[in-house]
file input_4.txt (compact mmCIF, C-alpha atoms)
# COMPACT_ATOMS: atom_id res chain seq x y z
CA MET A 15 32.22 11.82 -12.17
CA SER A 16 31.63 15.52 -12.66
CA VAL A 17 29.71 17.45 -15.26
CA PRO A 18 30.54 21.20 -15.40
CA ASN A 19 28.23 23.84 -16.79
CA PRO A 20 29.19 24.57 -20.39
CA ARG A 21 26.49 27.15 -21.06
CA PRO A 22 24.23 29.64 -19.27
CA GLY A 23 21.16 27.45 -19.72
CA PRO A 24 19.58 24.70 -21.82
CA PRO A 25 18.71 25.95 -25.31
CA GLY A 26 15.04 26.66 -25.82
CA ASP A 27 14.24 27.14 -22.14
CA ALA A 28 12.60 30.35 -21.10
CA LEU A 29 14.52 30.92 -17.89
CA PRO A 30 12.96 33.25 -15.33
CA PRO A 31 14.77 36.47 -14.48
CA ALA A 32 16.76 36.62 -11.27
CA SER A 33 14.04 38.78 -9.71
CA ALA A 34 11.61 35.85 -10.00
CA ALA A 35 13.55 33.81 -7.46
CA PRO A 36 13.03 34.04 -3.67
CA LEU A 37 15.60 36.22 -1.94
CA TRP A 38 17.20 33.19 -0.29
CA ALA A 39 17.34 31.10 -3.46
CA PRO A 40 20.69 29.77 -4.65
CA ALA A 41 22.07 30.54 -8.09
CA ARG A 42 21.87 28.41 -11.19
CA ILE A 43 23.05 24.80 -11.23
CA GLU A 44 26.76 24.74 -12.03
CA ARG A 45 27.91 21.17 -11.42
CA VAL A 46 26.46 17.67 -10.95
CA GLU A 47 28.78 14.93 -9.66
CA THR A 48 28.16 11.20 -9.28
CA PHE A 49 29.91 8.85 -6.87
CA ALA A 50 29.30 5.10 -6.95
CA VAL A 51 30.19 4.07 -3.40
CA ALA A 52 30.67 0.64 -1.84
CA LEU A 53 28.87 0.52 1.51
CA PRO A 54 29.22 -2.26 4.11
CA ALA A 55 26.37 -4.81 4.04
CA VAL A 56 25.65 -6.14 7.51
CA ARG A 57 22.93 -8.68 6.68
CA SER A 58 21.81 -10.63 3.63
CA PHE A 59 18.47 -9.66 2.14
CA GLY A 60 16.54 -11.22 -0.71
CA ILE A 61 13.26 -10.72 -2.53
CA SER A 62 11.43 -12.83 -5.09
CA GLY A 63 13.53 -11.29 -7.87
CA GLY A 64 16.87 -12.19 -6.27
CA PRO A 65 19.37 -10.88 -3.69
CA VAL A 66 19.38 -7.25 -2.57
CA THR A 67 22.32 -7.37 -0.16
CA VAL A 68 24.79 -10.10 0.71
CA ALA A 69 26.47 -9.92 4.12
CA GLY A 70 30.17 -9.23 3.71
CA THR A 71 29.81 -8.04 0.11
CA PRO A 72 29.78 -4.25 -0.44
CA ALA A 73 26.44 -2.76 -1.45
CA ILE A 74 26.72 -0.20 -4.26
CA ARG A 75 24.85 3.09 -3.96
CA VAL A 76 25.16 6.08 -6.29
CA LEU A 77 25.48 9.40 -4.46
CA VAL A 78 24.94 12.66 -6.32
CA LYS A 79 26.25 16.11 -5.39
CA VAL A 80 24.69 19.18 -6.99
CA THR A 81 26.49 22.52 -6.69
CA ALA A 82 25.06 25.95 -7.59
CA ALA A 83 27.14 28.83 -8.93
CA ASP A 84 27.14 30.53 -5.52
CA GLY A 85 28.52 27.44 -3.79
CA ALA A 86 25.25 26.05 -2.39
CA GLN A 87 25.29 22.24 -2.37
CA GLY A 88 22.95 19.30 -1.93
CA TRP A 89 23.23 15.52 -1.91
CA GLY A 90 21.00 12.73 -3.20
CA GLU A 91 21.07 8.97 -3.59
CA ALA A 92 20.08 6.22 -6.00
CA THR A 93 19.89 2.53 -5.11
CA PRO A 94 20.72 0.24 -8.03
CA LEU A 95 18.90 -3.05 -7.48
CA PRO A 96 18.76 -5.17 -10.65
CA SER A 97 16.65 -7.73 -8.76
CA TRP A 98 13.95 -5.06 -8.34
CA THR A 99 14.37 -2.59 -11.18
CA ASP A 100 15.88 -2.30 -14.65
CA GLU A 101 18.36 0.36 -13.52
CA THR A 102 21.88 -0.72 -12.61
CA ALA A 103 24.76 1.16 -11.04
CA GLU A 104 26.29 1.54 -14.49
CA SER A 105 23.10 2.84 -16.09
CA ILE A 106 22.39 5.26 -13.24
CA VAL A 107 25.86 6.80 -13.44
CA THR A 108 25.81 7.18 -17.22
CA THR A 109 22.20 8.40 -17.31
CA ILE A 110 23.00 11.17 -14.84
CA ASP A 111 26.40 12.12 -16.25
CA ARG A 112 25.46 12.06 -19.93
CA TYR A 113 21.77 12.99 -19.99
CA LEU A 114 20.20 14.35 -16.80
CA ALA A 115 23.06 16.56 -15.65
CA PRO A 116 23.52 18.31 -19.01
CA ALA A 117 19.75 18.85 -19.13
CA VAL A 118 19.65 20.80 -15.86
CA LEU A 119 22.96 22.67 -15.89
CA GLY A 120 22.26 26.39 -16.01
CA LEU A 121 18.74 26.08 -14.63
CA PRO A 122 17.90 28.01 -11.45
CA ALA A 123 18.56 25.59 -8.61
CA TRP A 124 15.21 26.49 -7.03
CA HIS A 125 13.21 25.67 -10.17
CA LEU A 126 12.21 22.06 -9.44
CA ASP A 127 9.46 22.08 -12.03
CA ALA A 128 11.88 23.13 -14.76
CA ALA A 129 14.24 20.35 -13.71
CA ASP A 130 11.39 17.83 -13.82
CA ARG A 131 10.46 18.89 -17.36
CA ALA A 132 14.11 18.78 -18.39
CA PHE A 133 14.37 15.21 -17.12
CA ASP A 134 11.34 14.23 -19.22
CA ARG A 135 12.96 15.69 -22.33
CA ALA A 136 16.34 14.11 -21.65
CA VAL A 137 15.05 10.56 -21.06
CA SER A 138 11.69 9.64 -22.57
CA ARG A 139 8.92 8.67 -20.19
CA GLY A 140 8.15 5.52 -22.16
CA PHE A 141 5.12 3.80 -20.63
CA THR A 142 5.24 5.84 -17.40
CA ILE A 143 8.59 7.42 -16.48
CA GLY A 144 12.16 7.25 -17.70
CA ALA A 145 15.05 6.33 -15.37
CA PRO A 146 13.25 7.07 -12.07
CA LEU A 147 16.13 6.06 -9.80
CA ALA A 148 18.65 8.22 -11.62
CA ARG A 149 16.40 11.28 -11.75
CA SER A 150 15.42 10.72 -8.10
CA ALA A 151 19.03 11.16 -6.99
CA VAL A 152 19.33 14.52 -8.75
CA ASP A 153 15.92 15.71 -7.58
CA MET A 154 16.73 14.67 -4.01
CA ALA A 155 19.98 16.62 -4.16
CA LEU A 156 18.17 19.71 -5.47
CA ASN A 157 15.66 19.57 -2.61
CA ASP A 158 18.53 19.17 -0.14
CA LEU A 159 20.33 22.13 -1.72
CA LEU A 160 17.23 24.33 -1.41
CA GLY A 161 16.69 23.44 2.24
CA ARG A 162 20.32 24.11 3.04
CA ALA A 163 20.25 27.44 1.19
CA ALA A 164 17.15 28.47 3.13
CA GLY A 165 18.53 27.12 6.41
CA VAL A 166 15.43 24.99 7.06
CA PRO A 167 14.50 21.28 6.95
CA LEU A 168 12.44 20.10 3.98
CA GLY A 169 9.18 20.07 5.91
CA VAL A 170 9.53 23.80 6.59
CA LEU A 171 10.57 24.43 2.99
CA TRP A 172 7.44 22.62 1.76
CA GLY A 173 5.18 24.11 4.40
CA ARG A 174 3.92 20.74 5.62
CA ARG A 175 5.06 18.39 8.37
CA ARG A 176 2.36 16.41 10.14
CA CYS A 177 4.40 14.08 12.33
CA GLU A 178 7.83 13.95 13.93
CA THR A 179 8.61 10.23 13.91
CA ALA A 180 7.99 7.10 11.87
CA GLU A 181 7.61 3.58 13.21
CA LEU A 182 9.87 1.22 11.29
CA GLY A 183 8.98 -2.31 10.25
CA TRP A 184 11.49 -5.12 10.76
CA ILE A 185 12.01 -7.09 7.54
CA VAL A 186 11.76 -10.88 7.54
CA SER A 187 13.14 -12.20 4.26
CA GLY A 188 14.62 -15.42 2.94
CA ARG A 189 13.81 -17.33 6.10
CA ALA A 190 12.45 -20.84 6.38
CA PRO A 191 9.66 -21.12 8.98
CA ALA A 192 12.06 -22.68 11.49
CA GLU A 193 14.35 -19.64 11.28
CA VAL A 194 11.64 -17.01 11.63
CA ALA A 195 11.66 -17.04 15.43
CA ASP A 196 15.28 -15.90 15.50
CA SER A 197 14.64 -13.06 13.03
CA VAL A 198 11.57 -11.82 14.91
CA ALA A 199 13.41 -12.04 18.23
CA GLU A 200 16.27 -9.98 16.80
CA GLY A 201 13.86 -7.28 15.69
CA LEU A 202 12.05 -7.25 19.02
CA ALA A 203 15.37 -6.94 20.89
CA LEU A 204 16.14 -3.81 18.85
CA GLY A 205 12.77 -2.27 19.69
CA TYR A 206 10.82 -3.06 16.52
CA ARG A 207 7.11 -3.80 16.99
CA ALA A 208 5.97 -4.12 13.36
CA PHE A 209 7.02 -6.66 10.73
CA LYS A 210 7.09 -6.81 6.95
CA VAL A 211 7.45 -10.26 5.41
CA LYS A 212 8.89 -10.84 1.95
CA ILE A 213 6.99 -13.65 0.22
CA GLY A 214 7.01 -15.24 -3.21
CA LEU A 215 10.11 -17.20 -2.19
CA TYR A 216 8.80 -20.61 -1.07
CA GLY A 217 5.62 -21.34 -3.03
CA GLU A 218 2.13 -20.73 -1.65
CA GLU A 219 2.28 -23.19 1.24
CA GLY A 220 5.80 -22.22 2.19
CA ASP A 221 4.99 -18.51 2.06
CA GLU A 222 1.94 -19.03 4.24
CA ALA A 223 4.03 -20.98 6.75
CA VAL A 224 6.59 -18.16 6.98
CA VAL A 225 3.93 -15.50 7.54
CA ALA A 226 2.15 -17.68 10.12
CA ALA A 227 5.45 -18.17 11.94
CA VAL A 228 5.99 -14.40 12.09
CA ARG A 229 2.50 -13.98 13.51
CA GLU A 230 3.18 -16.72 16.06
CA HIS A 231 6.40 -15.19 17.35
CA ALA A 232 5.49 -11.48 17.10
CA PRO A 233 3.44 -9.73 19.79
CA PRO A 234 -0.31 -10.34 19.31
CA ALA A 235 -1.08 -6.75 18.29
CA ALA A 236 1.99 -6.31 16.07
CA PRO A 237 1.16 -4.95 12.58
CA ILE A 238 2.27 -7.41 9.88
CA TRP A 239 2.12 -6.89 6.14
CA VAL A 240 3.53 -8.89 3.24
CA ASP A 241 5.28 -7.98 0.00
CA ALA A 242 5.41 -10.36 -2.97
CA ASN A 243 7.40 -8.09 -5.30
CA GLN A 244 5.30 -9.21 -8.30
CA ALA A 245 5.82 -12.94 -7.66
CA TYR A 246 2.27 -14.27 -8.19
CA THR A 247 -0.25 -14.76 -10.95
CA ALA A 248 -3.78 -13.41 -10.51
CA GLN A 249 -5.06 -16.88 -9.58
CA SER A 250 -2.30 -17.74 -7.11
CA ALA A 251 -2.46 -14.25 -5.56
CA LEU A 252 -6.16 -14.65 -4.81
CA ARG A 253 -5.49 -18.04 -3.22
CA MET A 254 -2.68 -16.48 -1.20
CA ALA A 255 -4.86 -13.56 -0.11
CA ARG A 256 -7.40 -16.02 1.28
CA ARG A 257 -4.65 -17.86 3.14
CA LEU A 258 -3.34 -14.60 4.59
CA ASP A 259 -6.76 -13.38 5.67
CA GLY A 260 -6.88 -15.90 8.49
CA ILE A 261 -3.45 -14.86 9.76
CA GLY A 262 -4.32 -11.20 10.23
CA ILE A 263 -2.38 -9.22 7.63
CA SER A 264 -2.86 -5.48 7.14
CA ALA A 265 -1.85 -5.33 3.45
CA PHE A 266 -0.80 -7.51 0.51
CA GLU A 267 1.83 -5.49 -1.34
CA GLN A 268 2.43 -5.82 -5.09
CA PRO A 269 1.25 -9.41 -5.58
CA LEU A 270 1.16 -9.20 -9.40
CA PRO A 271 3.45 -7.85 -12.13
CA ALA A 272 3.46 -4.07 -12.18
CA ASN A 273 1.79 -3.78 -15.57
CA ASP A 274 -0.96 -6.35 -14.96
CA ILE A 275 -3.62 -3.69 -14.51
CA VAL A 276 -6.53 -6.00 -15.37
CA GLY A 277 -5.30 -8.67 -12.97
CA LEU A 278 -4.79 -6.18 -10.15
CA ARG A 279 -8.28 -4.80 -10.66
CA ARG A 280 -9.81 -8.27 -10.47
CA LEU A 281 -7.71 -9.17 -7.45
CA ARG A 282 -8.71 -6.00 -5.66
CA GLU A 283 -12.40 -6.83 -6.25
CA HIS A 284 -12.14 -10.28 -4.65
CA SER A 285 -9.25 -10.13 -2.19
CA PRO A 286 -10.20 -10.21 1.50
CA VAL A 287 -6.88 -8.43 2.25
CA PRO A 288 -6.23 -4.83 1.08
CA VAL A 289 -4.06 -4.75 -2.04
CA ALA A 290 -1.18 -2.25 -1.92
CA LEU A 291 0.66 -1.09 -5.05
CA ASP A 292 4.37 -0.33 -5.17
CA GLU A 293 6.14 -1.17 -8.45
CA SER A 294 2.95 -0.29 -10.35
CA LEU A 295 3.14 3.37 -9.28
CA ARG A 296 6.23 4.84 -10.89
CA HIS A 297 4.56 8.12 -11.90
CA PRO A 298 1.57 10.02 -10.45
CA SER A 299 -0.30 9.30 -13.68
CA ASP A 300 -0.04 5.57 -12.90
CA LEU A 301 -1.93 6.13 -9.67
CA ALA A 302 -4.54 8.15 -11.56
CA THR A 303 -5.09 5.17 -13.87
CA PHE A 304 -5.56 2.73 -11.00
CA VAL A 305 -7.90 5.13 -9.22
CA ARG A 306 -10.05 5.53 -12.36
CA LEU A 307 -10.23 1.74 -12.68
CA ASP A 308 -11.02 1.29 -8.97
CA ALA A 309 -8.02 -1.04 -8.79
CA VAL A 310 -6.09 0.14 -5.72
CA ASP A 311 -6.69 0.00 -1.95
CA VAL A 312 -3.33 1.33 -0.77
CA ALA A 313 -0.65 3.37 -2.53
CA ILE A 314 2.94 2.90 -1.43
CA ALA A 315 4.92 6.15 -1.28
CA LYS A 316 8.52 5.44 -2.37
CA VAL A 317 10.84 8.31 -3.25
CA GLN A 318 13.23 6.59 -5.65
CA ARG A 319 10.61 4.55 -7.50
CA SER A 320 8.65 7.70 -8.30
CA GLY A 321 11.56 9.73 -9.63
CA GLY A 322 12.30 11.81 -6.55
CA LEU A 323 10.66 14.00 -3.94
CA THR A 324 9.00 16.37 -6.41
CA LEU A 325 6.97 13.69 -8.18
CA SER A 326 6.44 11.72 -4.96
CA ARG A 327 4.77 14.74 -3.39
CA ARG A 328 2.42 14.91 -6.38
CA LEU A 329 1.61 11.21 -6.04
CA CYS A 330 0.94 11.49 -2.30
CA SER A 331 -1.29 14.53 -2.76
CA LEU A 332 -3.26 12.73 -5.46
CA ALA A 333 -3.70 9.66 -3.25
CA GLN A 334 -5.04 11.72 -0.38
CA GLU A 335 -7.36 13.74 -2.61
CA CYS A 336 -8.76 10.48 -4.03
CA GLY A 337 -9.19 8.82 -0.64
CA VAL A 338 -6.51 6.18 -1.29
CA ARG A 339 -4.67 5.10 1.85
CA LEU A 340 -0.91 5.77 1.89
CA MET A 341 1.81 3.54 3.26
CA GLY A 342 5.54 4.22 3.14
CA SER A 343 8.49 2.25 1.83
CA GLY A 344 12.11 2.67 0.80
CA LEU A 345 14.61 0.86 -1.40
CA THR A 346 17.17 -0.35 1.15
CA ASP A 347 18.49 3.20 1.04
CA SER A 348 21.49 4.47 2.89
CA ASP A 349 21.01 7.47 5.17
CA LEU A 350 20.41 10.10 2.47
CA GLY A 351 17.49 8.13 1.07
CA LEU A 352 16.27 7.32 4.57
CA ALA A 353 16.10 11.01 5.44
CA ALA A 354 14.35 11.90 2.18
CA SER A 355 11.66 9.28 2.83
CA LEU A 356 11.12 10.47 6.39
CA HIS A 357 10.54 14.04 5.24
CA LEU A 358 8.05 12.84 2.61
CA PHE A 359 6.13 10.57 4.98
CA ALA A 360 6.02 13.27 7.67
CA ALA A 361 4.70 15.80 5.17
CA TYR A 362 1.72 13.57 4.40
CA GLY A 363 1.14 12.23 7.89
CA ILE A 364 1.80 8.56 7.14
CA ASP A 365 1.30 7.08 10.59
CA THR A 366 1.36 3.33 9.85
CA PRO A 367 4.66 1.42 10.13
CA VAL A 368 6.96 1.96 7.15
CA ASP A 369 9.51 -0.18 5.36
CA LEU A 370 12.66 1.93 5.61
CA ASN A 371 15.03 -0.98 6.03
CA GLY A 372 18.39 0.51 5.06
CA ARG A 373 19.75 0.55 8.59
CA GLN A 374 18.85 -3.14 8.97
CA PHE A 375 21.04 -4.19 6.06
CA ILE A 376 23.71 -1.57 5.23
CA GLU A 377 25.86 1.07 6.91
CA SER A 378 26.35 4.71 5.87
CA PRO A 379 29.91 5.64 6.92
CA TYR A 380 29.79 8.83 4.83
CA ALA A 381 27.17 10.40 7.13
CA VAL A 382 28.60 12.69 9.83
CA GLU A 383 25.29 13.96 11.18
CA THR A 384 22.28 11.91 10.26
CA VAL A 385 18.89 10.41 11.11
CA ARG A 386 18.33 9.25 14.67
CA VAL A 387 16.84 5.76 14.96
CA GLU A 388 16.02 4.39 18.39
CA GLY A 389 13.82 1.53 19.48
CA GLY A 390 12.41 0.85 16.04
CA LYS A 391 11.49 4.48 15.58
CA ALA A 392 13.07 7.01 13.20
CA TYR A 393 13.03 10.73 13.98
CA VAL A 394 12.43 13.21 11.17
CA PRO A 395 15.54 15.44 10.94
CA ASP A 396 15.25 19.05 12.16
CA THR A 397 18.41 20.40 10.52
CA PRO A 398 18.56 22.11 7.09
CA GLY A 399 17.79 20.20 3.92
CA LEU A 400 17.61 16.46 4.27
CA GLY A 401 19.36 16.73 7.63
CA VAL A 402 22.30 14.50 6.68
CA VAL A 403 25.80 16.00 6.72
CA VAL A 404 27.99 14.21 4.18
CA ASN A 405 31.73 13.76 4.60
CA GLU A 406 32.91 14.08 1.01
CA THR A 407 36.35 12.75 1.86
CA VAL A 408 34.77 9.48 2.95
CA VAL A 409 32.57 9.44 -0.14
CA ARG A 410 35.60 9.71 -2.38
CA ARG A 411 37.43 7.03 -0.40
CA LEU A 412 34.48 4.64 -0.80
CA SER A 413 34.05 5.40 -4.51
CA VAL A 414 34.46 2.62 -7.07
CA ASP A 415 34.56 2.65 -10.87
CA VAL A 416 31.44 0.76 -11.86
CA LEU A 417 32.17 1.42 -15.54
CA GLU A 418 35.43 -0.52 -15.44
CA ARG A 419 35.42 -3.07 -18.23
CA ARG A 420 34.75 -6.60 -16.99
CA VAL A 421 35.04 -9.93 -18.76
call {"tool": "encode", "arguments": {"input": "input_4.txt", "output": "structure tokens"}}
result
Amino acid sequence: MSVPNPRPGPPGDALPPASAAPLWAPARIERVETFAVALPAVRSFGISGGPVTVAGTPAIRVLVKVTAADGAQGWGEATPLPSWTDETAESIVTTIDRYLAPAVLGLPAWHLDAADRAFDRAVSRGFTIGAPLARSAVDMALNDLLGRAAGVPLGVLWGRRRCETAELGWIVSGRAPAEVADSVAEGLALGYRAFKVKIGLYGEEGDEAVVAAVREHAPPAAPIWVDANQAYTAQSALRMARRLDGIGISAFEQPLPANDIVGLRRLREHSPVPVALDESLRHPSDLATFVRLDAVDVAIAKVQRSGGLTLSRRLCSLAQECGVRLMGSGLTDSDLGLAASLHLFAAYGIDTPVDLNGRQFIESPYAVETVRVEGGKAYVPDTPGLGVVVNETVVRRLSVDVLERRV
């Protein structure tokens, strides 16, 4: 769907004069288009909340194209996962088309701060942030547009790029202990040397058995971390942390519900395994709260969860200033989201294995030029913007009407 620019700028905004923009900056935002696309799912993937992908069933992603008045363009992505978040494909499309796009039309395309404030006005922050996946897609597209207009990759645009590659973790999910060997062997054959295990699926004993099986079949020095996706109570999480400690786990990711701040603080005090927060950190202010309460060991950087690259950069900077260790994760993104995450992680020098599992589970047929992944390692793109060239013809061919009435 497409939203044209009906006015020179949002009422009430004090827009900067043209002379305030860099010489290379594109013009004001003229159009925001959404495309819900059906991408091929190559493997099934589940978390404690339910399925994420089902092999043979198309995986829906919402792609966003932002166009400036001078023709400059950028692309972004949102990943609707009702098993993980409260945003669906339908809500993402309507939130962008009816609220976020009208809020930013007419703004200077380079003015990311103005866009961020416009998003806050259009969709209330609520407890932390409003519609982070939807606003992430637009913010991602704006960053891509700026990099393309300047002719540089995002790291150059931001003035920070501390590494050139990221080691990827192979995801083990929905596997009984007896099946783990096959999953680990598949990852090893593709060059992966780090493993992330989804738990909260089999009960405490079953979860421990799955993690122990991964440790048994992975190389002795392979980094392994686990992600419960909010599946435990404070009491069961502490028991699980003690079970995991003997297996040799580097981090226990999001063991408790995102808003259980008291429980996470108590767990962090007593857990022998570092506690990493993901779903709890939707906005930089969330991280500030956990830091003040001494309730976080590791902060997970995740572009879509935090409302895009602009807010994610703020969160990462805050974590590093506060001495909180950063790890990286994605949302089973297709290649646009994969590239955005790589630029973010490279900017902040995240050198531990990261969960960017999109390539493991879905394909991105719309990408003409894209991220290179070899031997379990992803290379940060060197071409302008995100570094992914989108074939719009393919995007339109893959598009589906997610708002079609269903009984």
call {"tool": "residues_near_point", "arguments": {"input": "input_4.txt", "point": "(22.1, -9.2, -3.5)", "cutoff": "12 Å", "atoms": "only C-alpha atoms", "output": "mmCIF file with C-alpha atoms, keeping the file's coordinate frame"}}
result
data_model
loop_
_atom_site.group_PDB
_atom_site.id
_atom_site.type_symbol
_atom_site.label_atom_id
_atom_site.label_comp_id
_atom_site.auth_asym_id
_atom_site.auth_seq_id
_atom_site.Cartn_x
_atom_site.Cartn_y
_atom_site.Cartn_z
ATOM 1 C CA ALA A 55 26.370 -4.810 4.040
ATOM 2 C CA VAL A 56 25.650 -6.140 7.510
ATOM 3 C CA ARG A 57 22.930 -8.680 6.680
ATOM 4 C CA SER A 58 21.810 -10.630 3.630
ATOM 5 C CA PHE A 59 18.470 -9.660 2.140
ATOM 6 C CA GLY A 60 16.540 -11.220 -0.710
ATOM 7 C CA ILE A 61 13.260 -10.720 -2.530
ATOM 8 C CA SER A 62 11.430 -12.830 -5.090
ATOM 9 C CA GLY A 63 13.530 -11.290 -7.870
ATOM 10 C CA GLY A 64 16.870 -12.190 -6.270
ATOM 11 C CA PRO A 65 19.370 -10.880 -3.690
ATOM 12 C CA VAL A 66 19.380 -7.250 -2.570
ATOM 13 C CA THR A 67 22.320 -7.370 -0.160
ATOM 14 C CA VAL A 68 24.790 -10.100 0.710
ATOM 15 C CA ALA A 69 26.470 -9.920 4.120
ATOM 16 C CA GLY A 70 30.170 -9.230 3.710
ATOM 17 C CA THR A 71 29.810 -8.040 0.110
ATOM 18 C CA PRO A 72 29.780 -4.250 -0.440
ATOM 19 C CA ALA A 73 26.440 -2.760 -1.450
ATOM 20 C CA ILE A 74 26.720 -0.200 -4.260
ATOM 21 C CA PRO A 94 20.720 0.240 -8.030
ATOM 22 C CA LEU A 95 18.900 -3.050 -7.480
ATOM 23 C CA PRO A 96 18.760 -5.170 -10.650
ATOM 24 C CA SER A 97 16.650 -7.730 -8.760
ATOM 25 C CA TRP A 98 13.950 -5.060 -8.340
ATOM 26 C CA GLY A 188 14.620 -15.420 2.940
ATOM 27 C CA THR A 346 17.170 -0.350 1.150
ATOM 28 C CA PHE A 375 21.040 -4.190 6.060
ATOM 29 C CA ILE A 376 23.710 -1.570 5.230
#
call {"tool": "residues_around", "arguments": {"input": "input_4.txt", "residues": "stretch 147-163 of chain A", "least_positions_apart": "4", "cutoff": "7 Å", "atoms": "all atoms listed in the file", "output": "number ranges by chain"}}
result
A: 38-40, 78-80, 86-93, 106, 109-110, 123-124, 133, 167-168, 171, 318-319, 321-323, 398-400
call {"tool": "atom_distance", "arguments": {"input": "input_4.txt", "atom1": "atom CA of A:Glu406", "atom2": "atom CA of A:Thr384"}}
result
14.3 Å
call {"tool": "atom_distance", "arguments": {"input": "input_4.txt", "atom1": "atom CA of A:Leu252", "atom2": "atom CA of A:His284"}}
result
7.4 Å
call {"tool": "residues_around", "arguments": {"input": "input_4.txt", "residues": "A:Glu181", "least_positions_apart": "3", "cutoff": "8 Å", "atoms": "only C-alpha atoms", "output": "ChimeraX atom specification"}}
result
/A:208,365-368,390-392
call {"tool": "write_last_selection", "arguments": {"input": "input_4.txt", "atoms": "C-alpha atoms", "output": "JSON list (two decimals), in the frame of the given file"}}
result
[["chain", "number", "residue", "atom", "x", "y", "z"],
["A", 208, "ALA", "CA", 5.97, -4.12, 13.36],
["A", 365, "ASP", "CA", 1.30, 7.08, 10.59],
["A", 366, "THR", "CA", 1.36, 3.33, 9.85],
["A", 367, "PRO", "CA", 4.66, 1.42, 10.13],
["A", 368, "VAL", "CA", 6.96, 1.96, 7.15],
["A", 390, "GLY", "CA", 12.41, 0.85, 16.04],
["A", 391, "LYS", "CA", 11.49, 4.48, 15.58],
["A", 392, "ALA", "CA", 13.07, 7.01, 13.20]]
call {"tool": "closest_residue", "arguments": {"input": "input_4.txt", "among": "A:His231, A:Tyr113, A:Pro146, A:Leu258", "to": "A:Glu293", "atoms": "only C-alpha atoms"}}
result
A:Pro146
call {"tool": "closest_atom_pairs", "arguments": {"input": "input_4.txt", "of": "stretch 246-289 of chain A", "to": "stretch 217-227 of chain A", "cutoff": "8 Å", "atoms": "all atoms listed in the file", "output": "JSON lines"}}
result
{"residue": "A:Ser250", "atom": "CA", "partner": "A:Glu218", "partner_atom": "CA", "distance": 7.6}
{"residue": "A:Met254", "atom": "CA", "partner": "A:Glu218", "partner_atom": "CA", "distance": 6.4}
{"residue": "A:Arg257", "atom": "CA", "partner": "A:Glu222", "partner_atom": "CA", "distance": 6.8}
{"residue": "A:Leu258", "atom": "CA", "partner": "A:Glu222", "partner_atom": "CA", "distance": 6.9}
{"residue": "A:Ile261", "atom": "CA", "partner": "A:Ala226", "partner_atom": "CA", "distance": 6.3}
call {"tool": "residues_around", "arguments": {"input": "input_4.txt", "residues": "stretch 308-316 of chain A", "least_positions_apart": "2", "cutoff": "9 Å", "atoms": "all atoms listed in the file", "output": "JSON, numbers by chain"}}
result
{"A": [265, 267, 275, 276, 278, 279, 280, 281, 282, 283, 288, 289, 290, 291, 292, 293, 295, 296, 301, 303, 304, 305, 306, 318, 319, 320, 321, 322, 323, 326, 327, 329, 330, 333, 338, 339, 340, 341, 342, 343, 344, 345, 355, 358, 359]}
call {"tool": "write_last_selection", "arguments": {"input": "input_4.txt", "atoms": "C-alpha atoms", "output": "mmCIF file, in the coordinates of the input"}}
result
data_model
loop_
_atom_site.group_PDB
_atom_site.id
_atom_site.type_symbol
_atom_site.label_atom_id
_atom_site.label_comp_id
_atom_site.auth_asym_id
_atom_site.auth_seq_id
_atom_site.Cartn_x
_atom_site.Cartn_y
_atom_site.Cartn_z
ATOM 1 C CA ALA A 265 -1.850 -5.330 3.450
ATOM 2 C CA GLU A 267 1.830 -5.490 -1.340
ATOM 3 C CA ILE A 275 -3.620 -3.690 -14.510
ATOM 4 C CA VAL A 276 -6.530 -6.000 -15.370
ATOM 5 C CA LEU A 278 -4.790 -6.180 -10.150
ATOM 6 C CA ARG A 279 -8.280 -4.800 -10.660
ATOM 7 C CA ARG A 280 -9.810 -8.270 -10.470
ATOM 8 C CA LEU A 281 -7.710 -9.170 -7.450
ATOM 9 C CA ARG A 282 -8.710 -6.000 -5.660
ATOM 10 C CA GLU A 283 -12.400 -6.830 -6.250
ATOM 11 C CA PRO A 288 -6.230 -4.830 1.080
ATOM 12 C CA VAL A 289 -4.060 -4.750 -2.040
ATOM 13 C CA ALA A 290 -1.180 -2.250 -1.920
ATOM 14 C CA LEU A 291 0.660 -1.090 -5.050
ATOM 15 C CA ASP A 292 4.370 -0.330 -5.170
ATOM 16 C CA GLU A 293 6.140 -1.170 -8.450
ATOM 17 C CA LEU A 295 3.140 3.370 -9.280
ATOM 18 C CA ARG A 296 6.230 4.840 -10.890
ATOM 19 C CA LEU A 301 -1.930 6.130 -9.670
ATOM 20 C CA THR A 303 -5.090 5.170 -13.870
ATOM 21 C CA PHE A 304 -5.560 2.730 -11.000
ATOM 22 C CA VAL A 305 -7.900 5.130 -9.220
ATOM 23 C CA ARG A 306 -10.050 5.530 -12.360
ATOM 24 C CA GLN A 318 13.230 6.590 -5.650
ATOM 25 C CA ARG A 319 10.610 4.550 -7.500
ATOM 26 C CA SER A 320 8.650 7.700 -8.300
ATOM 27 C CA GLY A 321 11.560 9.730 -9.630
ATOM 28 C CA GLY A 322 12.300 11.810 -6.550
ATOM 29 C CA LEU A 323 10.660 14.000 -3.940
ATOM 30 C CA SER A 326 6.440 11.720 -4.960
ATOM 31 C CA ARG A 327 4.770 14.740 -3.390
ATOM 32 C CA LEU A 329 1.610 11.210 -6.040
ATOM 33 C CA CYS A 330 0.940 11.490 -2.300
ATOM 34 C CA ALA A 333 -3.700 9.660 -3.250
ATOM 35 C CA VAL A 338 -6.510 6.180 -1.290
ATOM 36 C CA ARG A 339 -4.670 5.100 1.850
ATOM 37 C CA LEU A 340 -0.910 5.770 1.890
ATOM 38 C CA MET A 341 1.810 3.540 3.260
ATOM 39 C CA GLY A 342 5.540 4.220 3.140
ATOM 40 C CA SER A 343 8.490 2.250 1.830
ATOM 41 C CA GLY A 344 12.110 2.670 0.800
ATOM 42 C CA LEU A 345 14.610 0.860 -1.400
ATOM 43 C CA SER A 355 11.660 9.280 2.830
ATOM 44 C CA LEU A 358 8.050 12.840 2.610
ATOM 45 C CA PHE A 359 6.130 10.570 4.980
#
